[in-house]
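A.B. asks: Please see the structure below; I have some questions.
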Amino acid sequence: MPRNAVVVGAGFGGLVAARVLADHFSEVTILEQDTITEETGHRSGIPQARHPHALLSRGANILEGLFPGLRDELTAAGAPVFDGGESSRVAFPNGPGPRGTIGLQVQTVTRTTLERTLRRRVLGRPEITLRSGFRVEGLRWNDDRTRVLGVSGGPASGPPDTSEQVDADLVVFAAGRGSKLESWLTAAGYPVPEAQVIDGRLSYTTRVFRIPDDFDGDWKTAGEFTYAPHRKRGSAVVTVEDGRWLVSLFAAGGEKRPGDPDEFVDFARSLTNPLVAEAITAGEPDGPLYHAVKLQNRWIPYHTQARWPERFVVLGDAVCAFNPVYGQGMTVAAIEAEILQSLLVSASGDPAGLERKFQRRIAKALRLPWTMATSTDQGWSDQKPGLSQRIGRWYSDRLINLVPGDLDLYRRFFATSQMIASPATLLHPRVIAKVLTSSARSAPAPAQREAVSPDASISPDASR
């Protein structure tokens, strides 16, 4: 077996990558700038952990393969599991989503509990060591800068001249968006291609609420979608462990997000889904408001570079960061780890020559989630769409208008959004016939408040 692999970053992407590498390397070292332990919860390096996270069905299946029994362990920690059709109350632009069994299980959990559980599992492997509080300051190169030999860095809180070298047979960079990787590569003679950026000018505000003891609703998640150009406000209420709701209110297309508790309530009351405001007024606030801004989609197409260093791969948000509203980031990182595992198995654990294959393979895997996320966010752009985009938007508008009254169509839509089914399932001849023969308007209607599920409402406490 190769001796040592280094993973830069101990977030979700770094943890699943380390788990894969432990099957093929005798030593795996995770380097993390934040000071963390197995039990660390919130930390400065992952501010988005304060907000709801979705582990899509495909991502959950991959994790269960890498960490057998994970779903049950999270369930024991209080993370609910439910059918996505039976226990979700979602308002679409043209009405409430249909209710009924769709055969896809969803588990909702906070980012901190998920990462803490994964971290314990990962660090339980004898091959893996975590060095926290270590800031990576650059890559180490061979003489002609064709191969990465490791990284250099030192204590994050130590003197600036304190530095050491960490050797590696393979370096996996999973430090997320905002790193200095692009400048490091450019300085070494690897000009980085221009990033593709699609910005829906979206922001959101999140607050945690304690679920009332007398809550008798039959739902686990509730909310509604933003949808260009009319629906600039959206929401998500997610049931998580410890009897809590995570409530996020979304503002798209430059809409102003709520900035204080009063605005938070007023914003929720302006939505079409009444369950959101009812949850806020019935629940007991359990912390302050947290805000998230600058949520554009950003993809650096490393796979297009004419040259790429040997023994070095990049994954996660360091390659492609999505607007987090669509909940794709963690699932995509799991898919990338699965690709890394496949390549290492094919090469009998030898990392030589897999770096270009890896970047190209993950680029193929990124195309679907990138298209799904950006096709919506492009609707908020002032740029005139091309013909193919206009045709796609016309079809999507009419299809989404049909979802509220069609459980089969909702099942297909849900399976696609969970990355279990290909978008081709929405182009089945039966679906196309429904779209072409429908009398639905070509664009979703502006927001109109309506009852999503009268029998699932909460009795709000008006005093809060």
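Just remember, in the structure tokens the first chain shown is A, the second B, etc., residues are 1-based per chain, and ligands are 1-based in the order shown.
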Excluding Phe173 (chain A) and any residue of its chain fewer than 3 positions from it, enumerate the residues within 6 Å of it, using only C-alpha atoms, and give them as a VMD selection string.

C.D. replies: chain A and resid 7 to 8 314

A.B. asks: Just list as a PyMOL selection string whatever in region 101-260 of chain A DSSP marks as strand (DSSP E or B).

C.D. replies: chain A and resi 105-107+128-132+134-141+147-155+164-167+170-173+196-198+203-210+221-224+227+231+233-240+244-251

A.B. asks: Could you save the residues just selected, with C-alpha atoms, as a compact mmCIF listing (two decimals), in the first residue's frame?

C.D. replies:
# COMPACT_ATOMS: atom_id res chain seq x y z
CA GLN A 105 -37.13 7.94 2.57
CA VAL A 106 -35.62 11.21 3.80
CA GLN A 107 -33.66 11.83 6.99
CA ILE A 128 -6.49 8.09 10.07
CA THR A 129 -5.03 10.94 12.14
CA LEU A 130 -6.49 14.42 12.58
CA ARG A 131 -4.16 17.37 13.03
CA SER A 132 -6.43 20.25 13.95
CA PHE A 134 -2.94 23.35 11.44
CA ARG A 135 -2.98 25.96 8.69
CA VAL A 136 -1.86 24.78 5.25
CA GLU A 137 0.18 27.57 3.64
CA GLY A 138 1.11 26.01 0.31
CA LEU A 139 1.82 22.93 -1.78
CA ARG A 140 5.20 21.18 -1.91
CA TRP A 141 6.54 20.44 -5.39
CA ARG A 147 4.16 16.54 -9.00
CA VAL A 148 2.83 17.57 -5.59
CA LEU A 149 4.93 16.02 -2.82
CA GLY A 150 2.84 17.21 0.09
CA VAL A 151 1.98 20.48 1.79
CA SER A 152 3.64 23.05 4.01
CA GLY A 153 2.13 24.84 6.96
CA GLY A 154 2.11 25.15 10.71
CA PRO A 155 0.05 25.93 13.80
CA GLU A 164 6.87 22.36 8.60
CA GLN A 165 6.52 20.06 5.64
CA VAL A 166 4.03 17.18 5.47
CA ASP A 167 4.92 14.58 2.85
CA LEU A 170 -1.44 11.76 -2.63
CA VAL A 171 -2.91 15.12 -1.57
CA VAL A 172 -6.68 15.56 -1.55
CA PHE A 173 -7.69 19.21 -1.31
CA GLN A 196 -18.30 29.94 -14.03
CA VAL A 197 -20.51 31.99 -11.73
CA ILE A 198 -24.31 32.08 -11.67
CA SER A 203 -29.69 35.37 0.92
CA TYR A 204 -31.45 33.83 3.88
CA THR A 205 -32.01 34.01 7.62
CA THR A 206 -32.28 31.04 9.97
CA ARG A 207 -33.49 30.56 13.53
CA VAL A 208 -33.95 27.49 15.73
CA PHE A 209 -37.24 26.87 17.55
CA ARG A 210 -38.24 24.31 20.17
CA THR A 221 -40.77 19.44 6.74
CA ALA A 222 -42.69 22.39 5.34
CA GLY A 223 -41.86 25.29 3.07
CA GLU A 224 -42.03 26.66 -0.43
CA TYR A 227 -39.20 30.81 -8.52
CA ARG A 231 -41.67 34.25 -6.34
CA ARG A 233 -39.63 34.64 -1.13
CA GLY A 234 -39.25 31.08 0.03
CA SER A 235 -38.87 29.04 3.19
CA ALA A 236 -37.94 25.74 4.81
CA VAL A 237 -38.99 24.32 8.18
CA VAL A 238 -36.99 21.18 8.99
CA THR A 239 -37.51 18.90 11.98
CA VAL A 240 -34.15 17.92 13.48
CA ARG A 244 -36.31 21.36 17.29
CA TRP A 245 -37.24 23.05 14.06
CA LEU A 246 -34.67 24.78 11.89
CA VAL A 247 -36.53 27.57 10.10
CA SER A 248 -34.94 29.37 7.14
CA LEU A 249 -36.50 32.21 5.17
CA PHE A 250 -35.09 32.77 1.66
CA ALA A 251 -34.91 36.01 -0.32

A.B. asks: If you take only C-alpha atoms and a cut-off of 7 Å, which residues of region 56-173 of chain A touch region 404-411 of chain A, and what are their nearest atom pairs and distances in Å to one decimal, in chain and number order, as JSON lines?

C.D. replies:
{"residue": "A:Phe92", "atom": "CA", "partner": "A:Pro404", "partner_atom": "CA", "distance": 6.9}
{"residue": "A:Gly95", "atom": "CA", "partner": "A:Pro404", "partner_atom": "CA", "distance": 5.6}
{"residue": "A:Pro96", "atom": "CA", "partner": "A:Pro404", "partner_atom": "CA", "distance": 5.4}
{"residue": "A:Gly97", "atom": "CA", "partner": "A:Pro404", "partner_atom": "CA", "distance": 4.4}
{"residue": "A:Pro98", "atom": "CA", "partner": "A:Pro404", "partner_atom": "CA", "distance": 5.3}
{"residue": "A:Ile102", "atom": "CA", "partner": "A:Arg411", "partner_atom": "CA", "distance": 5.5}

A.B. asks: Using only C-alpha atoms, find the one residue out of A:Pro52, A:Ser375, A:Ile30, A:Thr162 that sits nearest to Asp397 (chain A).

C.D. replies: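 Selected residue with least distance to Asp397 (chain A): A:Ser375.
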
A.B. asks: Rounded to one decimal in Å, what is the spacing between CA of Val122 (chain A) and CA of Arg19 (chain A)?

C.D. replies: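 These two atoms are separated by 5.9 Å.
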
A.B. asks: Residues within 9 Å of Ala174 (chain A), please, as a ChimeraX atom specification. Count only C-alpha atoms; anything in the same chain fewer than 5 positions from it doesn't count.

C.D. replies: /A:7-14,17,313-319

A.B. asks: Those same residues - all heavy atoms - I'd like them written as a compact mmCIF listing (two decimals), in the first residue's frame.

C.D. replies:
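Writing done, so here's result_23.txt:
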# COMPACT_ATOMS: atom_id res chain seq x y z
N VAL A 7 -5.24 14.83 3.53
CA VAL A 7 -6.49 15.49 3.19
C VAL A 7 -6.47 16.88 3.82
O VAL A 7 -6.28 17.02 5.03
CB VAL A 7 -7.71 14.70 3.71
CG1 VAL A 7 -9.00 15.43 3.37
CG2 VAL A 7 -7.72 13.30 3.15
N VAL A 8 -6.66 17.90 3.01
CA VAL A 8 -6.70 19.28 3.51
C VAL A 8 -8.16 19.65 3.72
O VAL A 8 -8.92 19.79 2.76
CB VAL A 8 -6.03 20.25 2.52
CG1 VAL A 8 -6.07 21.67 3.08
CG2 VAL A 8 -4.59 19.82 2.23
N GLY A 9 -8.55 19.80 4.98
CA GLY A 9 -9.92 20.15 5.32
C GLY A 9 -10.65 19.01 6.00
O GLY A 9 -10.67 17.89 5.48
N ALA A 10 -11.25 19.29 7.16
CA ALA A 10 -11.95 18.26 7.93
C ALA A 10 -13.45 18.47 7.92
O ALA A 10 -14.15 18.05 8.84
CB ALA A 10 -11.44 18.22 9.37
N GLY A 11 -13.97 19.16 6.88
CA GLY A 11 -15.40 19.27 6.73
C GLY A 11 -15.98 17.99 6.16
O GLY A 11 -15.32 16.94 6.10
N PHE A 12 -17.22 18.06 5.71
CA PHE A 12 -17.89 16.86 5.21
C PHE A 12 -17.10 16.21 4.08
O PHE A 12 -16.86 15.01 4.08
CB PHE A 12 -19.30 17.23 4.73
CG PHE A 12 -20.07 16.08 4.18
CD1 PHE A 12 -20.81 15.27 5.01
CD2 PHE A 12 -20.05 15.79 2.81
CE1 PHE A 12 -21.52 14.19 4.50
CE2 PHE A 12 -20.75 14.72 2.29
CZ PHE A 12 -21.49 13.91 3.14
N GLY A 13 -16.69 17.00 3.07
CA GLY A 13 -15.96 16.45 1.94
C GLY A 13 -14.65 15.81 2.36
O GLY A 13 -14.28 14.73 1.86
N GLY A 14 -13.92 16.44 3.28
CA GLY A 14 -12.67 15.88 3.75
C GLY A 14 -12.85 14.59 4.53
O GLY A 14 -12.05 13.66 4.41
N ALA A 17 -13.73 11.73 2.10
CA ALA A 17 -12.53 11.39 1.33
C ALA A 17 -11.55 10.59 2.18
O ALA A 17 -10.96 9.60 1.72
CB ALA A 17 -11.87 12.66 0.80
N VAL A 313 -5.51 15.95 -6.14
CA VAL A 313 -6.90 16.04 -6.59
C VAL A 313 -7.64 17.06 -5.73
O VAL A 313 -7.28 17.32 -4.56
CB VAL A 313 -7.62 14.67 -6.54
CG1 VAL A 313 -6.95 13.66 -7.44
CG2 VAL A 313 -7.72 14.15 -5.11
N VAL A 314 -8.67 17.64 -6.31
CA VAL A 314 -9.48 18.66 -5.63
C VAL A 314 -10.94 18.23 -5.71
O VAL A 314 -11.41 17.77 -6.77
CB VAL A 314 -9.32 20.04 -6.30
CG1 VAL A 314 -9.99 21.13 -5.46
CG2 VAL A 314 -7.86 20.37 -6.52
N LEU A 315 -11.66 18.39 -4.60
CA LEU A 315 -13.06 18.01 -4.60
C LEU A 315 -13.88 18.95 -3.72
O LEU A 315 -13.34 19.84 -3.08
CB LEU A 315 -13.24 16.55 -4.17
CG LEU A 315 -12.67 16.09 -2.81
CD1 LEU A 315 -13.49 16.57 -1.63
CD2 LEU A 315 -12.59 14.57 -2.77
N GLY A 316 -15.18 18.73 -3.71
CA GLY A 316 -16.07 19.52 -2.87
C GLY A 316 -16.21 20.95 -3.34
O GLY A 316 -16.07 21.26 -4.54
N ASP A 317 -16.49 21.85 -2.40
CA ASP A 317 -16.70 23.26 -2.73
C ASP A 317 -15.46 23.92 -3.32
O ASP A 317 -15.58 24.98 -3.95
CB ASP A 317 -17.12 24.04 -1.48
CG ASP A 317 -18.57 23.80 -1.10
OD1 ASP A 317 -19.24 23.02 -1.81
OD2 ASP A 317 -19.04 24.37 -0.10
N ALA A 318 -14.29 23.32 -3.14
CA ALA A 318 -13.08 23.89 -3.73
C ALA A 318 -13.13 23.79 -5.25
O ALA A 318 -12.43 24.54 -5.95
CB ALA A 318 -11.83 23.18 -3.21
N VAL A 319 -13.95 22.90 -5.79
CA VAL A 319 -14.15 22.79 -7.23
C VAL A 319 -15.44 23.47 -7.63
O VAL A 319 -15.47 24.35 -8.49
CB VAL A 319 -14.20 21.31 -7.69
CG1 VAL A 319 -14.51 21.23 -9.19
CG2 VAL A 319 -12.89 20.62 -7.38

A.B. asks: Which residues are near Ser87 (chain A)? Cut-off 9 Å, only C-alpha atoms, ignore same chain within fewer than 4 positions. Put them as an NGL selection string.

C.D. replies: :A and (82-83 or 99-101 or 218-222)

A.B. asks: Select, from A:Asp262, A:Asp23, A:Glu64, A:Glu284, the residue with the minimum atom-to-atom distance to Leu340 (chain A), counting only C-alpha atoms.

C.D. replies: A:Asp23

A.B. asks: Region 51-111 of chain A: which residues are helix (DSSP H, G or I) by DSSP, as a list in words?

C.D. replies: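 Matching residues for helix (DSSP H, G or I) in region 51-111 of chain A are Ser57, Arg58, Gly59, Ala60, Asn61, Ile62, Leu63, Glu64, Gly65, Leu66, Leu70, Arg71, Asp72, Glu73, Leu74, Thr75, Ala76 and Arg111 of chain A.
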
A.B. asks: Write a file of the just-selected residues containing all heavy atoms, as a short mmCIF file (atom, residue, chain, number, x, y, z; two decimals), in the first residue's frame.

C.D. replies:
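Writing the result to out01.cif gives the following:
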data_model
loop_
_atom_site.label_atom_id
_atom_site.label_comp_id
_atom_site.auth_asym_id
_atom_site.auth_seq_id
_atom_site.Cartn_x
_atom_site.Cartn_y
_atom_site.Cartn_z
N SER A 57 -31.27 11.75 -1.04
CA SER A 57 -31.36 10.29 -0.92
C SER A 57 -30.14 9.59 -1.50
O SER A 57 -29.64 8.61 -0.93
CB SER A 57 -32.62 9.79 -1.62
OG SER A 57 -33.78 10.27 -0.98
N ARG A 58 -29.63 10.09 -2.63
CA ARG A 58 -28.46 9.44 -3.21
C ARG A 58 -27.25 9.59 -2.29
O ARG A 58 -26.48 8.63 -2.09
CB ARG A 58 -28.15 10.03 -4.58
CG ARG A 58 -26.98 9.32 -5.26
CD ARG A 58 -26.73 9.82 -6.67
NE ARG A 58 -25.57 9.19 -7.25
CZ ARG A 58 -25.06 9.52 -8.43
NH1 ARG A 58 -25.65 10.47 -9.15
NH2 ARG A 58 -23.98 8.91 -8.89
N GLY A 59 -27.06 10.77 -1.72
CA GLY A 59 -25.96 10.97 -0.80
C GLY A 59 -26.07 10.10 0.44
O GLY A 59 -25.08 9.54 0.92
N ALA A 60 -27.30 9.96 0.96
CA ALA A 60 -27.52 9.12 2.14
C ALA A 60 -27.19 7.67 1.84
O ALA A 60 -26.61 6.95 2.68
CB ALA A 60 -28.96 9.25 2.60
N ASN A 61 -27.52 7.20 0.64
CA ASN A 61 -27.21 5.82 0.26
C ASN A 61 -25.71 5.59 0.16
O ASN A 61 -25.20 4.53 0.56
CB ASN A 61 -27.88 5.48 -1.07
CG ASN A 61 -29.40 5.43 -0.97
OD1 ASN A 61 -29.96 5.33 0.12
ND2 ASN A 61 -30.07 5.53 -2.10
N ILE A 62 -24.99 6.58 -0.38
CA ILE A 62 -23.54 6.45 -0.48
C ILE A 62 -22.92 6.40 0.92
O ILE A 62 -22.04 5.57 1.21
CB ILE A 62 -22.94 7.61 -1.29
CG1 ILE A 62 -23.38 7.51 -2.76
CG2 ILE A 62 -21.41 7.61 -1.20
CD1 ILE A 62 -22.99 8.72 -3.60
N LEU A 63 -23.39 7.28 1.80
CA LEU A 63 -22.84 7.30 3.16
C LEU A 63 -23.12 5.99 3.88
O LEU A 63 -22.28 5.50 4.64
CB LEU A 63 -23.44 8.46 3.95
CG LEU A 63 -22.91 9.86 3.66
CD1 LEU A 63 -23.41 10.83 4.71
CD2 LEU A 63 -21.39 9.90 3.61
N GLU A 64 -24.31 5.43 3.67
CA GLU A 64 -24.63 4.17 4.33
C GLU A 64 -23.68 3.07 3.87
O GLU A 64 -23.32 2.17 4.65
CB GLU A 64 -26.08 3.78 4.05
CG GLU A 64 -26.60 2.63 4.88
CD GLU A 64 -26.72 2.96 6.36
OE1 GLU A 64 -26.77 4.14 6.72
OE2 GLU A 64 -26.74 1.99 7.15
N GLY A 65 -23.25 3.13 2.61
CA GLY A 65 -22.27 2.16 2.12
C GLY A 65 -20.90 2.35 2.74
O GLY A 65 -20.21 1.38 3.06
N LEU A 66 -20.50 3.60 2.93
CA LEU A 66 -19.19 3.89 3.53
C LEU A 66 -19.19 3.72 5.04
O LEU A 66 -18.18 3.36 5.64
CB LEU A 66 -18.77 5.33 3.18
CG LEU A 66 -18.45 5.61 1.71
CD1 LEU A 66 -18.20 7.11 1.51
CD2 LEU A 66 -17.24 4.81 1.26
N LEU A 70 -25.08 3.99 9.68
CA LEU A 70 -25.12 5.42 9.96
C LEU A 70 -26.55 5.92 10.12
O LEU A 70 -26.84 6.71 11.03
CB LEU A 70 -24.41 6.19 8.84
CG LEU A 70 -24.45 7.72 8.96
CD1 LEU A 70 -23.68 8.19 10.19
CD2 LEU A 70 -23.87 8.37 7.70
N ARG A 71 -27.45 5.47 9.25
CA ARG A 71 -28.83 5.95 9.32
C ARG A 71 -29.45 5.62 10.67
O ARG A 71 -30.12 6.45 11.29
CB ARG A 71 -29.66 5.35 8.18
CG ARG A 71 -31.08 5.88 8.10
CD ARG A 71 -31.82 5.30 6.91
NE ARG A 71 -31.35 5.84 5.64
CZ ARG A 71 -30.69 5.16 4.73
NH1 ARG A 71 -30.40 3.89 4.94
NH2 ARG A 71 -30.31 5.72 3.60
N ASP A 72 -29.22 4.41 11.15
CA ASP A 72 -29.76 4.03 12.46
C ASP A 72 -29.11 4.82 13.58
O ASP A 72 -29.76 5.17 14.58
CB ASP A 72 -29.55 2.53 12.70
CG ASP A 72 -30.44 1.66 11.80
OD1 ASP A 72 -31.45 2.20 11.28
OD2 ASP A 72 -30.12 0.47 11.63
N GLU A 73 -27.82 5.09 13.45
CA GLU A 73 -27.12 5.86 14.48
C GLU A 73 -27.67 7.28 14.56
O GLU A 73 -27.87 7.83 15.65
CB GLU A 73 -25.62 5.89 14.18
CG GLU A 73 -24.79 6.53 15.28
CD GLU A 73 -23.29 6.41 15.04
OE1 GLU A 73 -22.89 5.70 14.08
OE2 GLU A 73 -22.52 7.02 15.80
N LEU A 74 -27.94 7.89 13.41
CA LEU A 74 -28.52 9.23 13.40
C LEU A 74 -29.96 9.21 13.91
O LEU A 74 -30.40 10.14 14.60
CB LEU A 74 -28.47 9.81 11.98
CG LEU A 74 -27.08 10.09 11.42
CD1 LEU A 74 -27.17 10.54 9.96
CD2 LEU A 74 -26.35 11.15 12.24
N THR A 75 -30.69 8.15 13.60
CA THR A 75 -32.05 8.02 14.12
C THR A 75 -32.03 7.94 15.64
O THR A 75 -32.85 8.58 16.32
CB THR A 75 -32.73 6.76 13.54
OG1 THR A 75 -32.76 6.85 12.11
CG2 THR A 75 -34.15 6.62 14.06
N ALA A 76 -31.09 7.19 16.20
CA ALA A 76 -30.96 7.08 17.65
C ALA A 76 -30.61 8.43 18.28
O ALA A 76 -30.95 8.69 19.44
CB ALA A 76 -29.90 6.04 18.00
N ARG A 111 -26.26 19.79 10.43
CA ARG A 111 -24.92 19.58 9.88
C ARG A 111 -23.94 19.21 10.99
O ARG A 111 -23.06 18.36 10.80
CB ARG A 111 -24.47 20.87 9.17
CG ARG A 111 -23.00 20.92 8.71
CD ARG A 111 -22.75 20.11 7.48
NE ARG A 111 -21.39 20.25 7.00
CZ ARG A 111 -21.02 21.06 6.01
NH1 ARG A 111 -21.93 21.80 5.39
NH2 ARG A 111 -19.76 21.11 5.60
#

A.B. asks: Could you tell me how far CA of Thr226 (chain A) sits from CA of Leu387 (chain A), in Å to one decimal place?

C.D. replies: 23.2 Å

A.B. asks: Could you name the residues that touch Arg307 (chain A) at 8 Å or less, counting only C-alpha atoms, but leaving out those on the same chain fewer than 2 positions away, as a ChimeraX atom specification?

C.D. replies: /A:190,305,309

A.B. asks: When distances are computed from only C-alpha atoms, which of A:Glu86, A:Asp350, A:Glu278, A:Glu38 shows the smallest separation from Leu21 (chain A)?

C.D. replies: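 Of A:Glu86, A:Asp350, A:Glu278, A:Glu38, the one nearest Leu21 (chain A), counting only C-alpha atoms, is A:Asp350.
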
A.B. asks: Using only C-alpha atoms, what table do you get, as JSON lines, when you list each residue of region 233-314 of chain A with an atom no more than 12 Å from region 178-182 of chain A, its nearest pair of atoms, and their distance in Å rounded to one decimal, rows by chain then rising number?

C.D. replies:
{"residue": "A:Lys294", "atom": "CA", "partner": "A:Gly178", "partner_atom": "CA", "distance": 11.8}
{"residue": "A:Arg298", "atom": "CA", "partner": "A:Gly178", "partner_atom": "CA", "distance": 11.0}
{"residue": "A:Ile300", "atom": "CA", "partner": "A:Glu182", "partner_atom": "CA", "distance": 9.3}
{"residue": "A:Pro301", "atom": "CA", "partner": "A:Glu182", "partner_atom": "CA", "distance": 11.5}
{"residue": "A:Tyr302", "atom": "CA", "partner": "A:Glu182", "partner_atom": "CA", "distance": 10.0}
{"residue": "A:Phe312", "atom": "CA", "partner": "A:Leu181", "partner_atom": "CA", "distance": 11.7}
{"residue": "A:Val313", "atom": "CA", "partner": "A:Leu181", "partner_atom": "CA", "distance": 11.5}
{"residue": "A:Val314", "atom": "CA", "partner": "A:Leu181", "partner_atom": "CA", "distance": 9.5}

A.B. asks: Write the residues of the selection above to a file with N, CA, C and O atoms, as an mmCIF file, in the first residue's frame.

C.D. replies:
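Output file result.cif is given in full below:
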data_model
loop_
_atom_site.group_PDB
_atom_site.id
_atom_site.type_symbol
_atom_site.label_atom_id
_atom_site.label_comp_id
_atom_site.auth_asym_id
_atom_site.auth_seq_id
_atom_site.Cartn_x
_atom_site.Cartn_y
_atom_site.Cartn_z
ATOM 1 N N LYS A 294 -24.122 36.024 -0.228
ATOM 2 C CA LYS A 294 -23.162 35.637 -1.267
ATOM 3 C C LYS A 294 -23.262 34.140 -1.565
ATOM 4 O O LYS A 294 -22.292 33.384 -1.421
ATOM 5 N N ARG A 298 -20.675 28.565 -8.080
ATOM 6 C CA ARG A 298 -19.339 28.856 -8.623
ATOM 7 C C ARG A 298 -18.615 27.544 -8.930
ATOM 8 O O ARG A 298 -18.406 26.722 -8.033
ATOM 9 N N ILE A 300 -15.143 26.009 -10.796
ATOM 10 C CA ILE A 300 -13.830 26.193 -11.416
ATOM 11 C C ILE A 300 -13.538 24.936 -12.233
ATOM 12 O O ILE A 300 -13.329 23.861 -11.667
ATOM 13 N N PRO A 301 -13.525 25.018 -13.550
ATOM 14 C CA PRO A 301 -13.405 23.808 -14.392
ATOM 15 C C PRO A 301 -11.968 23.315 -14.483
ATOM 16 O O PRO A 301 -11.330 23.383 -15.543
ATOM 17 N N TYR A 302 -11.454 22.794 -13.373
ATOM 18 C CA TYR A 302 -10.082 22.294 -13.358
ATOM 19 C C TYR A 302 -9.864 21.192 -14.399
ATOM 20 O O TYR A 302 -8.733 20.998 -14.874
ATOM 21 N N PHE A 312 -2.334 14.853 -7.057
ATOM 22 C CA PHE A 312 -3.079 15.951 -6.441
ATOM 23 C C PHE A 312 -4.487 15.987 -7.015
ATOM 24 O O PHE A 312 -4.663 16.033 -8.242
ATOM 25 N N VAL A 313 -5.509 15.949 -6.140
ATOM 26 C CA VAL A 313 -6.898 16.042 -6.585
ATOM 27 C C VAL A 313 -7.636 17.062 -5.726
ATOM 28 O O VAL A 313 -7.277 17.317 -4.564
ATOM 29 N N VAL A 314 -8.672 17.644 -6.308
ATOM 30 C CA VAL A 314 -9.482 18.660 -5.630
ATOM 31 C C VAL A 314 -10.941 18.226 -5.712
ATOM 32 O O VAL A 314 -11.409 17.771 -6.765
#

A.B. asks: May I ask which of the residues A:Ala91, A:Val265, A:Ala22, A:Ile420 is the closest one to Gln341 (chain A), counting only C-alpha atoms?

C.D. replies: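 That would be A:Ala22, the residue with the smallest distance to Gln341 (chain A).
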
A.B. asks: Hey, what's within 12 Å of Leu427 (chain A) if we count only C-alpha atoms and toss same-chain stuff fewer than 3 positions away? As a PyMOL selection string, please?

C.D. replies: chain A and resi 392+395-396+399+409+412-413+416+421-424+430-436

A.B. asks: Could you save the residues just selected, with C-alpha atoms, as an mmCIF file, in the first residue's frame?

C.D. replies:
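part-v1.cif, written as the output of this step:
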data_model
loop_
_atom_site.group_PDB
_atom_site.id
_atom_site.type_symbol
_atom_site.label_atom_id
_atom_site.label_comp_id
_atom_site.auth_asym_id
_atom_site.auth_seq_id
_atom_site.Cartn_x
_atom_site.Cartn_y
_atom_site.Cartn_z
ATOM 1 C CA GLY A 392 -36.107 24.381 -21.131
ATOM 2 C CA TYR A 395 -41.114 23.102 -20.323
ATOM 3 C CA SER A 396 -40.076 23.418 -16.659
ATOM 4 C CA LEU A 399 -44.327 20.856 -15.635
ATOM 5 C CA LEU A 409 -45.421 13.618 -11.436
ATOM 6 C CA ARG A 412 -40.758 11.806 -10.511
ATOM 7 C CA PHE A 413 -39.893 15.380 -9.581
ATOM 8 C CA THR A 416 -34.918 13.736 -9.695
ATOM 9 C CA ALA A 421 -33.463 9.356 -10.895
ATOM 10 C CA SER A 422 -32.168 10.937 -14.079
ATOM 11 C CA PRO A 423 -33.913 14.063 -15.415
ATOM 12 C CA ALA A 424 -34.965 11.754 -18.252
ATOM 13 C CA ARG A 430 -46.372 10.203 -20.703
ATOM 14 C CA VAL A 431 -44.999 13.275 -18.924
ATOM 15 C CA ILE A 432 -44.356 15.129 -22.171
ATOM 16 C CA ALA A 433 -47.929 14.430 -23.233
ATOM 17 C CA LYS A 434 -49.238 15.892 -19.978
ATOM 18 C CA VAL A 435 -47.125 19.011 -20.404
ATOM 19 C CA LEU A 436 -48.065 19.585 -24.035
#

A.B. asks: Hey, can you check how far CA of Ile46 (chain A) sits from CA of Thr112 (chain A)?

C.D. replies: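 Interatomic distance, CA of Ile46 (chain A) to CA of Thr112 (chain A): 9.3 Å.
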
A.B. asks: Which is closer to Asp377 (chain A) than all the others in A:Asp266, A:Glu355, A:Glu336, A:Asp199, using only C-alpha atoms?

C.D. replies: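 Smallest separation from Asp377 (chain A) among the options: A:Asp199.
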